[in-house]
Amino acid sequence: MTDAVIPRQPDATPAVYDAATLAVLHAMEEAAEKHLDAIRPHNTKRSYANDWALWEEFHDWLGERTGQRLPPTAVTKGTLVGFVVWLDTIRLAAPNSIDRRITGVTVTARGRGVEVPKAATVAARQALRPLKNDPERQARGRGRAAAVTPEQLRLMSAAVADGLTGLRDRALWLMAFGIAGRSAEVAALRADGITLVSQGLDVHVPAVKGRPPRDVVVAYGKNPDTCPVRAWQIWRAAAGITTGPAFLPIDARGNMGGRALSPEAVREIIARNAERAGLSVRLTGHSMRAGFITTSRRAGKREEKIREQSGHAENSPAFWGYIREADKWTDAASEDIGL
């Protein structure tokens, strides 16, 4: 009779290596990372860079609310789950996109020497699981941003919050509309780059994300409630700002911060105020830009003047898509044909 083979039990504690062995293991880890990075497709690397940029933006947003900006290397269960919730509720990202972002942040963090706990990624995907079962969320990102209308701007103005925050919010979204600005451009505006003239405002829109700067004019509006010039003057006087960022964070106690708002904060302010006004569509940061183009076109403005304001290239498919949307009821082919 042969003796039964008793399987070896795993050690209760991790192995302890001497310094020489640890050095070799560390060198092998570095070599593995370099090899994986070398064979990783360019598009994947670019995607991971975008994921990390969003991770930084999330930390800006979080810092504005907590008063303390965490380092991006703080990849924990709490921050990664918070990132999922932020992408879902603030950025309105599709679940599959969020899943990819988790991977991109995790891979990039580990590539920078950060130890990401397995419990953090497990928790993040647990938070993501119910989102993947929601058809409305799965359909996100498949359509163009809703273009705001002057009527909706009036509703938002009527429902704006009291106090300094309300003055800032109204000035911000009306300025975004008036300059046909991207959220990052609105966030980058400086008070000393906005000059009051007799006809309205001369506004310098700074360069962002490799796009060239531009100088635009914003005329007085006929309706005081939706006039970007008056809204800017009221906010500027109330905030007491003459230089520095045009729009500043304000905490729950009404205290202003000194740093500029992040692009994500701009988008959140617009979306929050649209919801507050009870609008039937959810507006995003891009809604102001799209709304300016379509509204201006319907008012009979020339394409080249609209492009000067928005900063679109002459052959931009997005720009011409907005123009077609604005023009679709102008001399419609089905109109007055004897039906």
# chains A, B, ... in the order shown; residues from 1 in each chain; ligands from 1

call {"tool": "select_by_dssp", "arguments": {"residues": "segment 62-311 of chain A", "states": "strand (DSSP E)", "output": "PyMOL selection string"}}
result
chain A and resi 194-197+200-205+214-219

call {"tool": "residues_around", "arguments": {"residues": "Gly163 of chain A", "least_positions_apart": "4", "cutoff": "9 Å", "atoms": "only C-alpha atoms", "output": "list of chain:residue names"}}
result
A:Leu167, A:Arg168, A:Gly254

call {"tool": "closest_atom_pairs", "arguments": {"of": "segment 220-268 of chain A", "to": "segment 56-76 of chain A", "cutoff": "9 Å", "atoms": "only C-alpha atoms", "output": "tab-separated table"}}
result
residue	atom	partner	partner_atom	distance
A:Pro249	CA	A:Glu64	CA	6.8
A:Ile250	CA	A:Glu64	CA	8.4
A:Asp251	CA	A:Arg65	CA	7.0
A:Ala252	CA	A:Arg65	CA	8.7
A:Gly257	CA	A:Glu64	CA	8.3
A:Leu261	CA	A:Glu64	CA	8.1
A:Ser262	CA	A:Asp60	CA	6.5
A:Pro263	CA	A:Glu57	CA	7.9
A:Glu264	CA	A:Trp61	CA	6.8
A:Ala265	CA	A:Trp61	CA	6.3

call {"tool": "atom_distance", "arguments": {"atom1": "atom CA of Arg297 of chain A", "atom2": "atom CA of Ala326 of chain A"}}
result
6.2 Å

call {"tool": "closest_residue", "arguments": {"among": "A:Ile194, A:Leu279, A:Asp37, A:Asn96", "to": "Arg110 of chain A", "atoms": "only C-alpha atoms"}}
result
A:Asp37

call {"tool": "atom_distance", "arguments": {"atom1": "atom CA of Glu308 of chain A", "atom2": "atom CA of Val216 of chain A"}}
result
7.5 Å

call {"tool": "closest_residue", "arguments": {"among": "A:Ala159, A:Val218, A:Leu189, A:Val114", "to": "Leu201 of chain A", "atoms": "only C-alpha atoms"}}
result
A:Val218

call {"tool": "closest_residue", "arguments": {"among": "A:Arg154, A:Arg170, A:Arg307, A:Arg100", "to": "Arg230 of chain A", "atoms": "only C-alpha atoms"}}
result
A:Arg170

call {"tool": "residues_around", "arguments": {"residues": "Thr149 of chain A", "least_positions_apart": "6", "cutoff": "12 Å", "atoms": "only C-alpha atoms", "output": "short mmCIF file (atom, residue, chain, number, x, y, z; two decimals) with N, CA, C and O atoms, in the first residue's frame"}}
result
data_model
loop_
_atom_site.label_atom_id
_atom_site.label_comp_id
_atom_site.auth_asym_id
_atom_site.auth_seq_id
_atom_site.Cartn_x
_atom_site.Cartn_y
_atom_site.Cartn_z
N LEU A 155 -36.22 80.30 -19.47
CA LEU A 155 -36.70 79.44 -18.38
C LEU A 155 -35.61 79.23 -17.33
O LEU A 155 -35.87 79.25 -16.12
N MET A 156 -34.39 79.02 -17.79
CA MET A 156 -33.27 78.84 -16.87
C MET A 156 -33.04 80.11 -16.05
O MET A 156 -32.77 80.05 -14.84
N LEU A 174 -24.80 82.18 -20.09
CA LEU A 174 -25.07 83.16 -21.14
C LEU A 174 -23.78 83.54 -21.86
O LEU A 174 -23.79 83.78 -23.08
N PHE A 177 -23.00 80.76 -24.23
CA PHE A 177 -23.85 80.89 -25.42
C PHE A 177 -23.33 82.03 -26.29
O PHE A 177 -23.18 81.88 -27.51
N THR A 226 -31.81 87.49 -20.41
CA THR A 226 -30.93 86.61 -21.17
C THR A 226 -29.82 87.38 -21.87
O THR A 226 -29.22 86.89 -22.82
N ALA A 274 -30.28 73.62 -16.02
CA ALA A 274 -31.32 73.16 -16.94
C ALA A 274 -32.30 72.25 -16.22
O ALA A 274 -33.52 72.35 -16.41
N LEU A 279 -36.41 71.69 -17.66
CA LEU A 279 -36.38 71.48 -19.11
C LEU A 279 -36.57 70.00 -19.44
O LEU A 279 -36.11 69.12 -18.71
N VAL A 281 -35.27 68.38 -21.88
CA VAL A 281 -34.05 67.78 -22.39
C VAL A 281 -32.92 68.10 -21.42
O VAL A 281 -32.95 69.13 -20.72
N LEU A 283 -29.38 69.40 -20.90
CA LEU A 283 -28.38 70.19 -21.59
C LEU A 283 -26.98 69.84 -21.08
O LEU A 283 -26.81 69.49 -19.92
N SER A 287 -24.23 72.22 -25.38
CA SER A 287 -25.55 72.70 -25.80
C SER A 287 -25.55 74.20 -26.06
O SER A 287 -26.28 74.69 -26.92
N MET A 288 -24.76 74.96 -25.28
CA MET A 288 -24.70 76.40 -25.48
C MET A 288 -24.03 76.73 -26.82
O MET A 288 -24.50 77.61 -27.55
N ARG A 289 -22.99 76.04 -27.13
CA ARG A 289 -22.28 76.25 -28.40
C ARG A 289 -23.17 75.89 -29.58
O ARG A 289 -23.30 76.65 -30.54
N ALA A 290 -23.81 74.72 -29.50
CA ALA A 290 -24.71 74.29 -30.56
C ALA A 290 -25.89 75.24 -30.68
O ALA A 290 -26.35 75.57 -31.79
N GLY A 291 -26.41 75.69 -29.52
CA GLY A 291 -27.56 76.58 -29.53
C GLY A 291 -27.26 77.92 -30.17
O GLY A 291 -28.10 78.47 -30.89
N PHE A 292 -26.05 78.45 -29.93
CA PHE A 292 -25.70 79.72 -30.55
C PHE A 292 -25.68 79.57 -32.07
O PHE A 292 -26.20 80.44 -32.79
N ILE A 293 -25.06 78.50 -32.56
CA ILE A 293 -24.92 78.34 -34.01
C ILE A 293 -26.29 78.22 -34.67
O ILE A 293 -26.57 78.90 -35.67
N THR A 294 -27.16 77.37 -34.14
CA THR A 294 -28.47 77.19 -34.76
C THR A 294 -29.33 78.44 -34.62
O THR A 294 -30.03 78.84 -35.57
N THR A 295 -29.30 79.09 -33.46
CA THR A 295 -30.10 80.30 -33.26
C THR A 295 -29.62 81.43 -34.16
O THR A 295 -30.44 82.15 -34.77
N SER A 296 -28.32 81.60 -34.24
CA SER A 296 -27.76 82.66 -35.08
C SER A 296 -28.09 82.42 -36.56
O SER A 296 -28.45 83.35 -37.29
N ARG A 298 -30.68 80.74 -37.77
CA ARG A 298 -32.11 80.98 -38.00
C ARG A 298 -32.44 82.46 -38.03
O ARG A 298 -33.45 82.87 -38.59
N ALA A 326 -30.30 73.94 -38.64
CA ALA A 326 -30.97 75.24 -38.57
C ALA A 326 -31.74 75.55 -39.85
O ALA A 326 -32.78 76.24 -39.81
#

call {"tool": "closest_residue", "arguments": {"among": "A:Gly113, A:Leu248, A:Gln233, A:Ala171", "to": "His26 of chain A", "atoms": "only C-alpha atoms"}}
result
A:Gly113

call {"tool": "atom_distance", "arguments": {"atom1": "atom CA of Glu30 of chain A", "atom2": "atom CA of Val116 of chain A"}}
result
16.5 Å

call {"tool": "closest_residue", "arguments": {"among": "A:Arg129, A:Arg112, A:Arg272, A:Arg101", "to": "Ala53 of chain A", "atoms": "only C-alpha atoms"}}
result
A:Arg101

call {"tool": "residues_around", "arguments": {"residues": "Asp99 of chain A", "least_positions_apart": "2", "cutoff": "12 Å", "atoms": "only C-alpha atoms", "output": "MDAnalysis selection string"}}
result
chainID A and resid 51 80:81 83:85 87:88 93:97 101:106 121:122 124:129 131:132 138

call {"tool": "select_by_dssp", "arguments": {"residues": "segment 97-254 of chain A", "states": "helix (DSSP H, G or I)", "output": "PyMOL selection string"}}
result
chain A and resi 97-111+118-132+135-138+150-158+163-178+183-188+191-193+224-226+228-239

call {"tool": "write_last_selection", "arguments": {"atoms": "C-alpha atoms", "output": "PDB file, in the first residue's frame"}}
result
ATOM      1  CA  SER A  97     -17.073  53.735 -21.930  1.00  0.00           C
ATOM      2  CA  ILE A  98     -16.855  53.839 -18.127  1.00  0.00           C
ATOM      3  CA  ASP A  99     -15.559  50.275 -18.127  1.00  0.00           C
ATOM      4  CA  ARG A 100     -12.766  51.266 -20.498  1.00  0.00           C
ATOM      5  CA  ARG A 101     -11.945  54.308 -18.376  1.00  0.00           C
ATOM      6  CA  ILE A 102     -11.482  52.118 -15.293  1.00  0.00           C
ATOM      7  CA  THR A 103      -8.986  50.004 -17.201  1.00  0.00           C
ATOM      8  CA  GLY A 104      -7.160  53.026 -18.587  1.00  0.00           C
ATOM      9  CA  VAL A 105      -6.769  54.670 -15.183  1.00  0.00           C
ATOM     10  CA  THR A 106      -5.677  51.434 -13.543  1.00  0.00           C
ATOM     11  CA  VAL A 107      -3.090  50.587 -16.218  1.00  0.00           C
ATOM     12  CA  THR A 108      -1.710  54.130 -16.278  1.00  0.00           C
ATOM     13  CA  ALA A 109      -1.485  54.331 -12.490  1.00  0.00           C
ATOM     14  CA  ARG A 110       0.382  51.023 -12.278  1.00  0.00           C
ATOM     15  CA  GLY A 111       2.684  52.216 -15.046  1.00  0.00           C
ATOM     16  CA  LYS A 118      -7.635  44.764  -6.366  1.00  0.00           C
ATOM     17  CA  ALA A 119     -10.521  45.666  -4.037  1.00  0.00           C
ATOM     18  CA  ALA A 120     -10.678  49.095  -5.717  1.00  0.00           C
ATOM     19  CA  THR A 121     -11.179  47.754  -9.249  1.00  0.00           C
ATOM     20  CA  VAL A 122     -13.597  45.081  -8.012  1.00  0.00           C
ATOM     21  CA  ALA A 123     -15.699  47.727  -6.233  1.00  0.00           C
ATOM     22  CA  ALA A 124     -15.659  50.022  -9.263  1.00  0.00           C
ATOM     23  CA  ARG A 125     -17.021  47.286 -11.506  1.00  0.00           C
ATOM     24  CA  GLN A 126     -19.613  46.357  -8.889  1.00  0.00           C
ATOM     25  CA  ALA A 127     -20.814  49.972  -9.062  1.00  0.00           C
ATOM     26  CA  LEU A 128     -20.829  49.717 -12.851  1.00  0.00           C
ATOM     27  CA  ARG A 129     -22.775  46.443 -13.086  1.00  0.00           C
ATOM     28  CA  PRO A 130     -26.314  47.843 -12.625  1.00  0.00           C
ATOM     29  CA  LEU A 131     -25.555  50.646 -15.095  1.00  0.00           C
ATOM     30  CA  LYS A 132     -24.904  48.096 -17.831  1.00  0.00           C
ATOM     31  CA  PRO A 135     -30.995  50.578 -21.768  1.00  0.00           C
ATOM     32  CA  GLU A 136     -31.110  54.380 -21.512  1.00  0.00           C
ATOM     33  CA  ARG A 137     -27.565  54.512 -20.220  1.00  0.00           C
ATOM     34  CA  GLN A 138     -26.386  52.088 -22.888  1.00  0.00           C
ATOM     35  CA  PRO A 150     -33.583  81.275 -26.357  1.00  0.00           C
ATOM     36  CA  GLU A 151     -36.857  80.113 -24.795  1.00  0.00           C
ATOM     37  CA  GLN A 152     -34.984  77.573 -22.684  1.00  0.00           C
ATOM     38  CA  LEU A 153     -32.458  80.216 -21.652  1.00  0.00           C
ATOM     39  CA  ARG A 154     -35.334  82.365 -20.402  1.00  0.00           C
ATOM     40  CA  LEU A 155     -36.702  79.444 -18.376  1.00  0.00           C
ATOM     41  CA  MET A 156     -33.268  78.841 -16.867  1.00  0.00           C
ATOM     42  CA  SER A 157     -32.937  82.525 -15.989  1.00  0.00           C
ATOM     43  CA  ALA A 158     -36.334  82.528 -14.265  1.00  0.00           C
ATOM     44  CA  GLY A 163     -27.338  84.851  -4.253  1.00  0.00           C
ATOM     45  CA  LEU A 164     -23.836  84.941  -5.658  1.00  0.00           C
ATOM     46  CA  THR A 165     -24.016  81.411  -7.061  1.00  0.00           C
ATOM     47  CA  GLY A 166     -27.066  82.270  -9.143  1.00  0.00           C
ATOM     48  CA  LEU A 167     -25.415  85.419 -10.508  1.00  0.00           C
ATOM     49  CA  ARG A 168     -22.343  83.421 -11.505  1.00  0.00           C
ATOM     50  CA  ASP A 169     -24.330  80.582 -13.051  1.00  0.00           C
ATOM     51  CA  ARG A 170     -26.470  82.854 -15.241  1.00  0.00           C
ATOM     52  CA  ALA A 171     -23.448  84.869 -16.382  1.00  0.00           C
ATOM     53  CA  LEU A 172     -21.569  81.648 -17.136  1.00  0.00           C
ATOM     54  CA  TRP A 173     -24.143  79.938 -19.320  1.00  0.00           C
ATOM     55  CA  LEU A 174     -25.070  83.161 -21.140  1.00  0.00           C
ATOM     56  CA  MET A 175     -21.387  83.865 -21.797  1.00  0.00           C
ATOM     57  CA  ALA A 176     -20.945  80.288 -23.042  1.00  0.00           C
ATOM     58  CA  PHE A 177     -23.847  80.893 -25.415  1.00  0.00           C
ATOM     59  CA  GLY A 178     -22.662  84.348 -26.455  1.00  0.00           C
ATOM     60  CA  SER A 183     -16.620  74.229 -21.782  1.00  0.00           C
ATOM     61  CA  ALA A 184     -12.830  74.347 -21.611  1.00  0.00           C
ATOM     62  CA  GLU A 185     -12.854  77.788 -23.250  1.00  0.00           C
ATOM     63  CA  VAL A 186     -15.418  79.141 -20.793  1.00  0.00           C
ATOM     64  CA  ALA A 187     -13.353  77.770 -17.904  1.00  0.00           C
ATOM     65  CA  ALA A 188     -10.241  79.481 -19.313  1.00  0.00           C
ATOM     66  CA  ALA A 191     -11.871  88.790 -16.354  1.00  0.00           C
ATOM     67  CA  ASP A 192      -9.209  91.073 -17.821  1.00  0.00           C
ATOM     68  CA  GLY A 193      -9.856  89.494 -21.224  1.00  0.00           C
ATOM     69  CA  PRO A 224     -32.425  91.730 -19.823  1.00  0.00           C
ATOM     70  CA  ASP A 225     -32.960  88.239 -18.387  1.00  0.00           C
ATOM     71  CA  THR A 226     -30.927  86.606 -21.170  1.00  0.00           C
ATOM     72  CA  PRO A 228     -24.913  88.068 -21.571  1.00  0.00           C
ATOM     73  CA  VAL A 229     -23.493  91.585 -21.308  1.00  0.00           C
ATOM     74  CA  ARG A 230     -25.702  92.617 -18.380  1.00  0.00           C
ATOM     75  CA  ALA A 231     -25.312  89.221 -16.698  1.00  0.00           C
ATOM     76  CA  TRP A 232     -21.513  89.522 -16.889  1.00  0.00           C
ATOM     77  CA  GLN A 233     -21.522  93.076 -15.474  1.00  0.00           C
ATOM     78  CA  ILE A 234     -23.751  92.066 -12.552  1.00  0.00           C
ATOM     79  CA  TRP A 235     -21.651  88.990 -11.688  1.00  0.00           C
ATOM     80  CA  ARG A 236     -18.366  90.852 -12.025  1.00  0.00           C
ATOM     81  CA  ALA A 237     -19.500  93.662  -9.724  1.00  0.00           C
ATOM     82  CA  ALA A 238     -20.961  91.261  -7.136  1.00  0.00           C
ATOM     83  CA  ALA A 239     -17.829  89.093  -7.117  1.00  0.00           C
TER      84      ALA A 239
END

call {"tool": "closest_residue", "arguments": {"among": "A:Arg282, A:Arg182, A:Arg267, A:Arg253", "to": "Arg140 of chain A", "atoms": "only C-alpha atoms"}}
result
A:Arg282
